[in-house]
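This is run.pdb. It holds PDB, C-alpha atoms.
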MODEL        1
ATOM      1  CA  MET A  12       0.000   0.000   0.000
ATOM      2  CA  SER A  13       1.674   3.159  -1.185
ATOM      3  CA  GLN A  14       0.909   6.816  -0.667
ATOM      4  CA  SER A  15      -0.222   7.119  -4.295
ATOM      5  CA  ASP A  16      -2.845   4.383  -3.730
ATOM      6  CA  ILE A  17      -4.265   6.285  -0.782
ATOM      7  CA  GLN A  18      -4.238   9.512  -2.805
ATOM      8  CA  LYS A  19      -6.225   7.848  -5.637
ATOM      9  CA  VAL A  20      -8.845   6.552  -3.212
ATOM     10  CA  ARG A  21      -9.037   9.948  -1.482
ATOM     11  CA  GLU A  22      -9.660  11.744  -4.790
ATOM     12  CA  SER A  23     -12.268   9.181  -5.839
ATOM     13  CA  VAL A  24     -14.189   9.550  -2.563
ATOM     14  CA  LYS A  25     -13.936  13.347  -2.727
ATOM     15  CA  GLN A  26     -15.520  13.321  -6.202
ATOM     16  CA  GLN A  27     -18.413  11.218  -4.907
ATOM     17  CA  CYS A  28     -19.350  13.531  -1.999
ATOM     18  CA  GLY A  29     -23.131  13.838  -1.795
ATOM     19  CA  SER A  30     -23.699  10.562  -3.653
ATOM     20  CA  ARG A  31     -25.725   7.654  -2.285
ATOM     21  CA  VAL A  32     -23.679   4.520  -1.756
ATOM     22  CA  MET A  33     -24.227   1.007  -0.503
ATOM     23  CA  ILE A  34     -21.521  -0.048   1.930
ATOM     24  CA  GLN A  35     -20.617  -3.581   2.907
ATOM     25  CA  LEU A  36     -18.838  -3.685   6.259
ATOM     26  CA  ASP A  37     -16.686  -6.663   7.179
ATOM     27  CA  ARG A  38     -17.252  -7.136  10.920
ATOM     28  CA  GLY A  39     -15.029 -10.209  11.213
ATOM     29  CA  ARG A  40     -15.842 -13.859  11.875
ATOM     30  CA  ASN A  41     -17.945 -14.067   8.699
ATOM     31  CA  LYS A  42     -20.218 -11.215   9.816
ATOM     32  CA  VAL A  43     -21.092  -8.726   7.083
ATOM     33  CA  ASP A  44     -23.248  -5.610   7.490
ATOM     34  CA  ILE A  45     -24.836  -3.970   4.435
ATOM     35  CA  GLN A  46     -26.157  -0.413   4.722
ATOM     36  CA  GLU A  47     -27.051   2.500   2.452
ATOM     37  CA  GLY A  48     -25.931   6.033   3.085
ATOM     38  CA  THR A  49     -24.688   9.311   1.667
ATOM     39  CA  ILE A  50     -21.046  10.385   1.577
ATOM     40  CA  GLN A  51     -20.980  13.599   3.611
ATOM     41  CA  GLU A  52     -17.390  14.847   3.796
ATOM     42  CA  ALA A  53     -13.912  13.811   2.722
ATOM     43  CA  TYR A  54     -11.183  14.870   5.131
ATOM     44  CA  PRO A  55      -7.414  14.319   4.748
ATOM     45  CA  SER A  56      -7.391  11.064   6.750
ATOM     46  CA  VAL A  57     -11.029   9.922   6.896
ATOM     47  CA  PHE A  58     -14.395  10.296   5.192
ATOM     48  CA  THR A  59     -17.891  10.235   6.672
ATOM     49  CA  ILE A  60     -21.082   8.511   5.550
ATOM     50  CA  LEU A  61     -24.538   9.379   6.910
ATOM     51  CA  VAL A  62     -26.594   6.189   7.253
ATOM     52  CA  ASN A  63     -30.337   6.659   7.622
ATOM     53  CA  ASP A  64     -32.144   3.347   8.121
ATOM     54  CA  GLU A  65     -35.697   4.255   7.109
ATOM     55  CA  SER A  66     -37.118   0.792   7.828
ATOM     56  CA  SER A  67     -36.497   0.995  11.584
ATOM     57  CA  GLU A  68     -36.834   3.635  14.279
ATOM     58  CA  ASN A  69     -33.054   4.069  14.616
ATOM     59  CA  PRO A  70     -31.801   7.652  14.383
ATOM     60  CA  PRO A  71     -29.411   8.524  11.526
ATOM     61  CA  GLN A  72     -25.787   7.521  12.181
ATOM     62  CA  LEU A  73     -22.664   9.301  11.002
ATOM     63  CA  LEU A  74     -19.985   6.680  10.316
ATOM     64  CA  SER A  75     -16.358   7.484   9.612
ATOM     65  CA  PHE A  76     -13.855   5.361   7.723
ATOM     66  CA  SER A  77     -10.235   5.723   6.731
ATOM     67  CA  TYR A  78      -9.139   5.442   3.125
ATOM     68  CA  THR A  79      -7.066   2.388   4.039
ATOM     69  CA  ASP A  80     -10.318   0.590   4.956
ATOM     70  CA  ILE A  81     -11.183   0.617   1.251
ATOM     71  CA  ILE A  82      -7.711  -0.525   0.173
ATOM     72  CA  THR A  83      -7.662  -3.395   2.688
ATOM     73  CA  LYS A  84     -11.287  -4.263   1.758
ATOM     74  CA  ASP A  85     -12.606  -3.863   5.305
ATOM     75  CA  ILE A  86     -15.425  -1.970   3.610
ATOM     76  CA  ARG A  87     -16.679  -2.100   0.040
ATOM     77  CA  MET A  88     -18.652   0.746  -1.520
ATOM     78  CA  LYS A  89     -20.915   0.761  -4.548
ATOM     79  CA  LEU A  90     -22.831   3.717  -5.983
ATOM     80  CA  CYS A  91     -26.614   3.408  -5.822
TER      81      CYS A  91
ENDMDL
END
Show me the file's structure as structure tokens.
Amino acid sequence: MSQSDIQKVRESVKQQCGSRVMIQLDRGRNKVDIQEGTIQEAYPSVFTILVNDESSENPPQLLSFSYTDIITKDIRMKLC
């Protein structure tokens, strides 16, 4: 994992700010969480996704991830 890889991911996420995405979170031990949200902000080290689960009474959650989470495939994102 080089600095240029992180820079490419950072630029890609920054371009997608405001877009709806489906995220697949690897929670370990064969546990996978799939949620939909909107990319809110892209900071130098992390980016945030606002997840609003409309099917339940849970309040909206603001999740933050590092760009290395994408490179190491701890999370996978797909545009909706």
Notebook entry, point to check: For A:Ile86, which residue out of A:Gln51, A:Gln35, A:Gln72, A:Gln46 is the nearest one, using only C-alpha atoms?
Noted result: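 Ranked by minimum distance to A:Ile86, first place goes to A:Gln35.
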Check: Just how far from atom CA of A:Ser77 is atom CA of A:Val57, in Å to one decimal?
Finding: 4.3 Å
Next item on the list: Enter the distance from atom CA of A:Asn41 to atom CA of A:Ile82, in Å, rounded to one decimal.
Entry: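 If I compute the distance from atom CA of A:Asn41 to atom CA of A:Ile82, I get 19.0 Å.
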Note to self: What's the separation between atom CA of A:Arg38 and atom CA of A:Asp85, in Å to one decimal place?
What the structure shows: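 Atom-to-atom, atom CA of A:Arg38 to atom CA of A:Asp85, that is 8.0 Å.
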Item checked: Nearest candidate to A:Ser23 (options A:Ile45, A:Cys91, A:Glu65, A:Ile50; using only C-alpha atoms) -> A:Ile50
Note to self: I'd like to see the residues matched by the PyMOL selection byres ((chain A and resi 88) around 7) on this file, and ideally I'd get them as a list in words.
What the structure shows: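 In the shown coordinates, the PyMOL selection byres ((chain A and resi 88) around 7) covers Val32, Met33, Ile34, Gln35, Ile86, Arg87, Lys89 and Leu90 of chain A.
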Pick out the residues sitting within 12 Å of A:Asp16, and hand them over as a PDB file with C-alpha atoms, keeping the file's coordinate frame; count only C-alpha atoms, and ignore anything fewer than 4 positions along from it in its own chain.
ATOM      1  CA  MET A  12       0.000   0.000   0.000  1.00  0.00           C
ATOM      2  CA  VAL A  20      -8.845   6.552  -3.212  1.00  0.00           C
ATOM      3  CA  ARG A  21      -9.037   9.948  -1.482  1.00  0.00           C
ATOM      4  CA  GLU A  22      -9.660  11.744  -4.790  1.00  0.00           C
ATOM      5  CA  SER A  23     -12.268   9.181  -5.839  1.00  0.00           C
ATOM      6  CA  TYR A  78      -9.139   5.442   3.125  1.00  0.00           C
ATOM      7  CA  THR A  79      -7.066   2.388   4.039  1.00  0.00           C
ATOM      8  CA  ILE A  81     -11.183   0.617   1.251  1.00  0.00           C
ATOM      9  CA  ILE A  82      -7.711  -0.525   0.173  1.00  0.00           C
ATOM     10  CA  THR A  83      -7.662  -3.395   2.688  1.00  0.00           C
TER      11      THR A  83
END
